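Undergrad: For reference, the file upload_36.cif (mmCIF, N, CA and C atoms) is included below:
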```cif
data_upload
#
loop_
_atom_site.label_atom_id
_atom_site.label_comp_id
_atom_site.auth_asym_id
_atom_site.auth_seq_id
_atom_site.Cartn_x
_atom_site.Cartn_y
_atom_site.Cartn_z
N MET A 25 -17.62 -0.69 -21.04
CA MET A 25 -16.19 -0.54 -21.21
C MET A 25 -15.68 0.72 -20.52
N SER A 26 -16.44 1.81 -20.60
CA SER A 26 -15.95 3.05 -20.00
C SER A 26 -15.90 2.95 -18.48
N ALA A 27 -16.79 2.17 -17.87
CA ALA A 27 -16.74 1.98 -16.42
C ALA A 27 -15.45 1.24 -16.04
N TYR A 28 -15.05 0.31 -16.85
CA TYR A 28 -13.81 -0.43 -16.62
C TYR A 28 -12.61 0.51 -16.71
N VAL A 29 -12.59 1.34 -17.73
CA VAL A 29 -11.49 2.29 -17.90
C VAL A 29 -11.48 3.28 -16.74
N GLU A 30 -12.63 3.77 -16.34
CA GLU A 30 -12.73 4.69 -15.20
C GLU A 30 -12.17 4.04 -13.94
N HIS A 31 -12.49 2.77 -13.73
CA HIS A 31 -11.97 2.04 -12.57
C HIS A 31 -10.45 1.95 -12.64
N LEU A 32 -9.91 1.65 -13.80
CA LEU A 32 -8.45 1.57 -13.96
C LEU A 32 -7.78 2.91 -13.69
N ILE A 33 -8.38 3.98 -14.16
CA ILE A 33 -7.82 5.31 -13.93
C ILE A 33 -7.85 5.65 -12.45
N GLN A 34 -8.97 5.37 -11.78
CA GLN A 34 -9.08 5.63 -10.35
C GLN A 34 -8.05 4.83 -9.57
N ARG A 35 -7.86 3.60 -9.94
CA ARG A 35 -6.88 2.74 -9.26
C ARG A 35 -5.46 3.30 -9.43
N GLN A 36 -5.15 3.77 -10.64
CA GLN A 36 -3.83 4.34 -10.87
C GLN A 36 -3.64 5.62 -10.07
N LEU A 37 -4.66 6.44 -9.97
CA LEU A 37 -4.58 7.66 -9.16
C LEU A 37 -4.35 7.32 -7.69
N GLU A 38 -5.02 6.29 -7.19
CA GLU A 38 -4.81 5.86 -5.81
C GLU A 38 -3.37 5.41 -5.60
N ARG A 39 -2.84 4.66 -6.54
CA ARG A 39 -1.45 4.20 -6.43
C ARG A 39 -0.47 5.37 -6.48
N ASP A 40 -0.75 6.34 -7.34
CA ASP A 40 0.11 7.52 -7.42
C ASP A 40 0.09 8.29 -6.11
N ARG A 41 -1.08 8.47 -5.53
CA ARG A 41 -1.19 9.16 -4.25
C ARG A 41 -0.48 8.40 -3.13
N LEU A 42 -0.63 7.10 -3.13
CA LEU A 42 0.04 6.29 -2.13
C LEU A 42 1.56 6.39 -2.27
N ARG A 43 2.05 6.35 -3.48
CA ARG A 43 3.49 6.49 -3.72
C ARG A 43 3.98 7.84 -3.20
N GLU A 44 3.21 8.92 -3.42
CA GLU A 44 3.58 10.24 -2.91
C GLU A 44 3.65 10.24 -1.39
N LEU A 45 2.68 9.61 -0.74
CA LEU A 45 2.68 9.53 0.72
C LEU A 45 3.89 8.76 1.24
N ILE A 46 4.21 7.67 0.58
CA ILE A 46 5.36 6.86 0.98
C ILE A 46 6.65 7.66 0.81
N GLU A 47 6.79 8.33 -0.32
CA GLU A 47 7.99 9.13 -0.55
C GLU A 47 8.13 10.25 0.47
N ASP A 48 7.02 10.89 0.81
CA ASP A 48 7.04 11.95 1.82
C ASP A 48 7.45 11.40 3.18
N ALA A 49 6.87 10.27 3.56
CA ALA A 49 7.20 9.67 4.86
C ALA A 49 8.66 9.24 4.91
N GLU A 50 9.15 8.65 3.81
CA GLU A 50 10.55 8.21 3.79
C GLU A 50 11.51 9.40 3.82
N SER A 51 11.12 10.52 3.23
CA SER A 51 12.00 11.69 3.28
C SER A 51 12.08 12.26 4.69
N LYS A 52 11.00 12.10 5.46
CA LYS A 52 10.97 12.62 6.83
C LYS A 52 11.55 11.63 7.84
N HIS A 53 11.34 10.33 7.61
CA HIS A 53 11.66 9.33 8.63
C HIS A 53 12.68 8.28 8.19
N GLY A 54 13.13 8.36 6.95
CA GLY A 54 14.05 7.36 6.44
C GLY A 54 13.31 6.19 5.81
N PRO A 55 14.04 5.31 5.15
CA PRO A 55 13.40 4.18 4.47
C PRO A 55 12.75 3.20 5.44
N VAL A 56 11.75 2.52 4.93
CA VAL A 56 11.01 1.54 5.72
C VAL A 56 11.81 0.24 5.77
N ASP A 57 11.80 -0.40 6.94
CA ASP A 57 12.46 -1.69 7.12
C ASP A 57 11.63 -2.78 6.44
N PRO A 58 12.17 -3.46 5.42
CA PRO A 58 11.40 -4.49 4.72
C PRO A 58 10.88 -5.60 5.64
N ALA A 59 11.62 -5.95 6.67
CA ALA A 59 11.16 -6.99 7.60
C ALA A 59 9.92 -6.51 8.36
N ALA A 60 9.89 -5.24 8.73
CA ALA A 60 8.73 -4.69 9.43
C ALA A 60 7.51 -4.69 8.51
N VAL A 61 7.73 -4.38 7.23
CA VAL A 61 6.63 -4.39 6.26
C VAL A 61 6.06 -5.80 6.13
N GLU A 62 6.92 -6.79 6.03
CA GLU A 62 6.46 -8.18 5.91
C GLU A 62 5.70 -8.63 7.16
N THR A 63 6.16 -8.21 8.33
CA THR A 63 5.47 -8.55 9.57
C THR A 63 4.07 -7.95 9.58
N LYS A 64 3.96 -6.68 9.23
CA LYS A 64 2.64 -6.02 9.17
C LYS A 64 1.76 -6.66 8.11
N ARG A 65 2.33 -7.00 6.96
CA ARG A 65 1.57 -7.64 5.89
C ARG A 65 1.01 -8.98 6.37
N SER A 66 1.80 -9.74 7.09
CA SER A 66 1.35 -11.03 7.61
C SER A 66 0.19 -10.85 8.59
N VAL A 67 0.29 -9.83 9.42
CA VAL A 67 -0.78 -9.55 10.38
C VAL A 67 -2.07 -9.20 9.63
N LEU A 68 -1.96 -8.33 8.63
CA LEU A 68 -3.14 -7.91 7.88
C LEU A 68 -3.77 -9.07 7.10
N ARG A 69 -2.94 -9.98 6.64
CA ARG A 69 -3.45 -11.13 5.89
C ARG A 69 -3.90 -12.27 6.79
N GLY A 70 -3.61 -12.14 8.08
CA GLY A 70 -4.00 -13.20 9.01
C GLY A 70 -3.10 -14.41 8.95
N THR A 71 -1.87 -14.23 8.47
CA THR A 71 -0.95 -15.35 8.35
C THR A 71 0.24 -15.22 9.30
N ALA A 72 0.11 -14.38 10.33
CA ALA A 72 1.23 -14.13 11.22
C ALA A 72 1.35 -15.20 12.32
N GLY A 73 0.42 -16.12 12.41
CA GLY A 73 0.49 -17.15 13.43
C GLY A 73 -0.37 -16.79 14.64
N ASP A 74 -0.25 -17.59 15.70
CA ASP A 74 -1.07 -17.43 16.89
C ASP A 74 -0.82 -16.12 17.61
N SER A 75 0.40 -15.61 17.60
CA SER A 75 0.70 -14.38 18.33
C SER A 75 -0.06 -13.20 17.74
N ALA A 76 -0.29 -13.17 16.43
CA ALA A 76 -1.05 -12.08 15.81
C ALA A 76 -2.53 -12.20 16.12
N ASP A 77 -3.02 -13.43 16.27
CA ASP A 77 -4.43 -13.63 16.56
C ASP A 77 -4.78 -13.11 17.94
N ALA A 78 -3.83 -13.13 18.85
CA ALA A 78 -4.09 -12.67 20.22
C ALA A 78 -4.06 -11.14 20.29
N ALA A 79 -3.45 -10.48 19.30
CA ALA A 79 -3.31 -9.02 19.35
C ALA A 79 -4.56 -8.28 19.00
#
```
Let me see the structure of the file written as structure tokens.
TA:
Amino acid sequence: MSAYVEHLIQRQLERDRLRELIEDAESKHGPVDPAAVETKRSVLRGTAGDSADAA
């Protein structure tokens, strides 16, 4: 059980750090374009179609 709790705590710390990085980047560069995020997400998931496979 403690290994499970440790994993949950580590995951939350990772999310907190990621949120800090995002907030820092947005303060320097402005908000992220949601369409660009979806495009990148599709590429990472391999669902962007044939054009992503060629990249």
Undergrad: So how many Å separate atom CA of Val61 of chain A and atom N of Glu47 of chain A, to one decimal?
TA: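 Straight-line distance from atom CA of Val61 of chain A to atom N of Glu47 of chain A works out to 14.3 Å.
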Undergrad: Mind pulling up the distance from atom C of Thr71 of chain A to atom C of Pro58 of chain A?
TA: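 According to the coordinates, atom C of Pro58 of chain A and atom C of Thr71 of chain A are separated by 14.8 Å.
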Undergrad: Write down as an MDAnalysis selection string the residues belonging to chain A that are assigned alpha helix (DSSP H) by DSSP computed on the backbone.
TA: chainID A and resid 26:53 58:69 74:78
Undergrad: What is the atom N of Val56 of chain A-atom CA of Arg43 of chain A distance in Å, reported with one decimal?
TA: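 Spanning atom N of Val56 of chain A to atom CA of Arg43 of chain A is a straight-line distance of 12.6 Å.
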Undergrad: Quick one: axis-aligned box around all listed atoms of segment 46-61 of chain A, 4 Å on every side, centre and edge lengths in Å to one decimal, written as lines of an AutoDock Vina configuration file.
TA:
```
center_x = 9.1
center_y = 2.8
center_z = 4.4
size_x = 17.8
size_y = 27.6
size_z = 18.0
```
Undergrad: Missing atoms in segment 26-37 of chain A need filling: write out all heavy atoms for it as an mmCIF file, keeping the file's coordinate frame.
TA:
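This is the output file part27.cif:
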```
data_model
loop_
_atom_site.group_PDB
_atom_site.id
_atom_site.type_symbol
_atom_site.label_atom_id
_atom_site.label_comp_id
_atom_site.auth_asym_id
_atom_site.auth_seq_id
_atom_site.Cartn_x
_atom_site.Cartn_y
_atom_site.Cartn_z
ATOM 1 N N SER A 26 -16.440 1.810 -20.600
ATOM 2 C CA SER A 26 -15.950 3.050 -20.000
ATOM 3 C C SER A 26 -15.900 2.950 -18.480
ATOM 4 O O SER A 26 -15.039 3.564 -17.853
ATOM 5 C CB SER A 26 -16.817 4.232 -20.425
ATOM 6 O OG SER A 26 -18.114 4.126 -19.903
ATOM 7 N N ALA A 27 -16.790 2.170 -17.870
ATOM 8 C CA ALA A 27 -16.740 1.980 -16.420
ATOM 9 C C ALA A 27 -15.450 1.240 -16.040
ATOM 10 O O ALA A 27 -14.831 1.551 -15.012
ATOM 11 C CB ALA A 27 -17.950 1.201 -15.937
ATOM 12 N N TYR A 28 -15.050 0.310 -16.850
ATOM 13 C CA TYR A 28 -13.810 -0.430 -16.620
ATOM 14 C C TYR A 28 -12.610 0.510 -16.710
ATOM 15 O O TYR A 28 -11.729 0.487 -15.864
ATOM 16 C CB TYR A 28 -13.701 -1.558 -17.650
ATOM 17 C CG TYR A 28 -12.414 -2.332 -17.549
ATOM 18 C CD1 TYR A 28 -12.202 -3.235 -16.514
ATOM 19 C CD2 TYR A 28 -11.406 -2.166 -18.498
ATOM 20 C CE1 TYR A 28 -11.012 -3.955 -16.417
ATOM 21 C CE2 TYR A 28 -10.218 -2.876 -18.417
ATOM 22 C CZ TYR A 28 -10.028 -3.767 -17.364
ATOM 23 O OH TYR A 28 -8.855 -4.468 -17.278
ATOM 24 N N VAL A 29 -12.590 1.340 -17.730
ATOM 25 C CA VAL A 29 -11.490 2.290 -17.900
ATOM 26 C C VAL A 29 -11.480 3.280 -16.740
ATOM 27 O O VAL A 29 -10.425 3.611 -16.209
ATOM 28 C CB VAL A 29 -11.601 3.012 -19.271
ATOM 29 C CG1 VAL A 29 -10.587 4.139 -19.383
ATOM 30 C CG2 VAL A 29 -11.433 2.018 -20.413
ATOM 31 N N GLU A 30 -12.630 3.770 -16.340
ATOM 32 C CA GLU A 30 -12.730 4.690 -15.200
ATOM 33 C C GLU A 30 -12.170 4.040 -13.940
ATOM 34 O O GLU A 30 -11.444 4.664 -13.179
ATOM 35 C CB GLU A 30 -14.189 5.097 -14.978
ATOM 36 C CG GLU A 30 -14.410 5.960 -13.768
ATOM 37 C CD GLU A 30 -13.794 7.342 -13.864
ATOM 38 O OE1 GLU A 30 -13.560 7.811 -14.991
ATOM 39 O OE2 GLU A 30 -13.543 7.950 -12.798
ATOM 40 N N HIS A 31 -12.490 2.770 -13.730
ATOM 41 C CA HIS A 31 -11.970 2.040 -12.570
ATOM 42 C C HIS A 31 -10.450 1.950 -12.640
ATOM 43 O O HIS A 31 -9.763 2.147 -11.625
ATOM 44 C CB HIS A 31 -12.589 0.649 -12.504
ATOM 45 C CG HIS A 31 -12.052 -0.188 -11.398
ATOM 46 N ND1 HIS A 31 -12.396 0.015 -10.084
ATOM 47 C CD2 HIS A 31 -11.176 -1.221 -11.409
ATOM 48 C CE1 HIS A 31 -11.743 -0.854 -9.335
ATOM 49 N NE2 HIS A 31 -10.991 -1.619 -10.109
ATOM 50 N N LEU A 32 -9.910 1.650 -13.800
ATOM 51 C CA LEU A 32 -8.450 1.570 -13.960
ATOM 52 C C LEU A 32 -7.780 2.910 -13.690
ATOM 53 O O LEU A 32 -6.732 2.967 -13.030
ATOM 54 C CB LEU A 32 -8.094 1.098 -15.364
ATOM 55 C CG LEU A 32 -8.425 -0.344 -15.708
ATOM 56 C CD1 LEU A 32 -8.077 -0.628 -17.174
ATOM 57 C CD2 LEU A 32 -7.681 -1.305 -14.801
ATOM 58 N N ILE A 33 -8.380 3.980 -14.160
ATOM 59 C CA ILE A 33 -7.820 5.310 -13.930
ATOM 60 C C ILE A 33 -7.850 5.650 -12.450
ATOM 61 O O ILE A 33 -6.865 6.152 -11.897
ATOM 62 C CB ILE A 33 -8.576 6.371 -14.756
ATOM 63 C CG1 ILE A 33 -8.285 6.162 -16.245
ATOM 64 C CG2 ILE A 33 -8.206 7.788 -14.316
ATOM 65 C CD1 ILE A 33 -9.178 6.965 -17.168
ATOM 66 N N GLN A 34 -8.970 5.370 -11.780
ATOM 67 C CA GLN A 34 -9.080 5.630 -10.350
ATOM 68 C C GLN A 34 -8.050 4.830 -9.570
ATOM 69 O O GLN A 34 -7.426 5.333 -8.628
ATOM 70 C CB GLN A 34 -10.495 5.332 -9.846
ATOM 71 C CG GLN A 34 -11.528 6.311 -10.336
ATOM 72 C CD GLN A 34 -11.228 7.726 -9.894
ATOM 73 O OE1 GLN A 34 -10.822 7.994 -8.772
ATOM 74 N NE2 GLN A 34 -11.427 8.667 -10.802
ATOM 75 N N ARG A 35 -7.860 3.600 -9.940
ATOM 76 C CA ARG A 35 -6.880 2.740 -9.260
ATOM 77 C C ARG A 35 -5.460 3.300 -9.430
ATOM 78 O O ARG A 35 -4.684 3.330 -8.491
ATOM 79 C CB ARG A 35 -6.973 1.324 -9.831
ATOM 80 C CG ARG A 35 -6.046 0.344 -9.199
ATOM 81 C CD ARG A 35 -6.495 0.001 -7.813
ATOM 82 N NE ARG A 35 -5.634 -1.053 -7.313
ATOM 83 C CZ ARG A 35 -5.321 -1.217 -6.065
ATOM 84 N NH1 ARG A 35 -5.838 -0.429 -5.162
ATOM 85 N NH2 ARG A 35 -4.539 -2.175 -5.699
ATOM 86 N N GLN A 36 -5.150 3.770 -10.640
ATOM 87 C CA GLN A 36 -3.830 4.340 -10.870
ATOM 88 C C GLN A 36 -3.640 5.620 -10.070
ATOM 89 O O GLN A 36 -2.571 5.857 -9.498
ATOM 90 C CB GLN A 36 -3.616 4.614 -12.365
ATOM 91 C CG GLN A 36 -2.206 5.083 -12.678
ATOM 92 C CD GLN A 36 -1.148 4.057 -12.284
ATOM 93 O OE1 GLN A 36 -1.279 2.886 -12.623
ATOM 94 N NE2 GLN A 36 -0.129 4.484 -11.580
ATOM 95 N N LEU A 37 -4.660 6.440 -9.970
ATOM 96 C CA LEU A 37 -4.580 7.660 -9.160
ATOM 97 C C LEU A 37 -4.350 7.320 -7.690
ATOM 98 O O LEU A 37 -3.560 7.997 -7.009
ATOM 99 C CB LEU A 37 -5.855 8.498 -9.320
ATOM 100 C CG LEU A 37 -6.033 9.179 -10.678
ATOM 101 C CD1 LEU A 37 -7.428 9.804 -10.763
ATOM 102 C CD2 LEU A 37 -4.954 10.210 -10.920
#
```
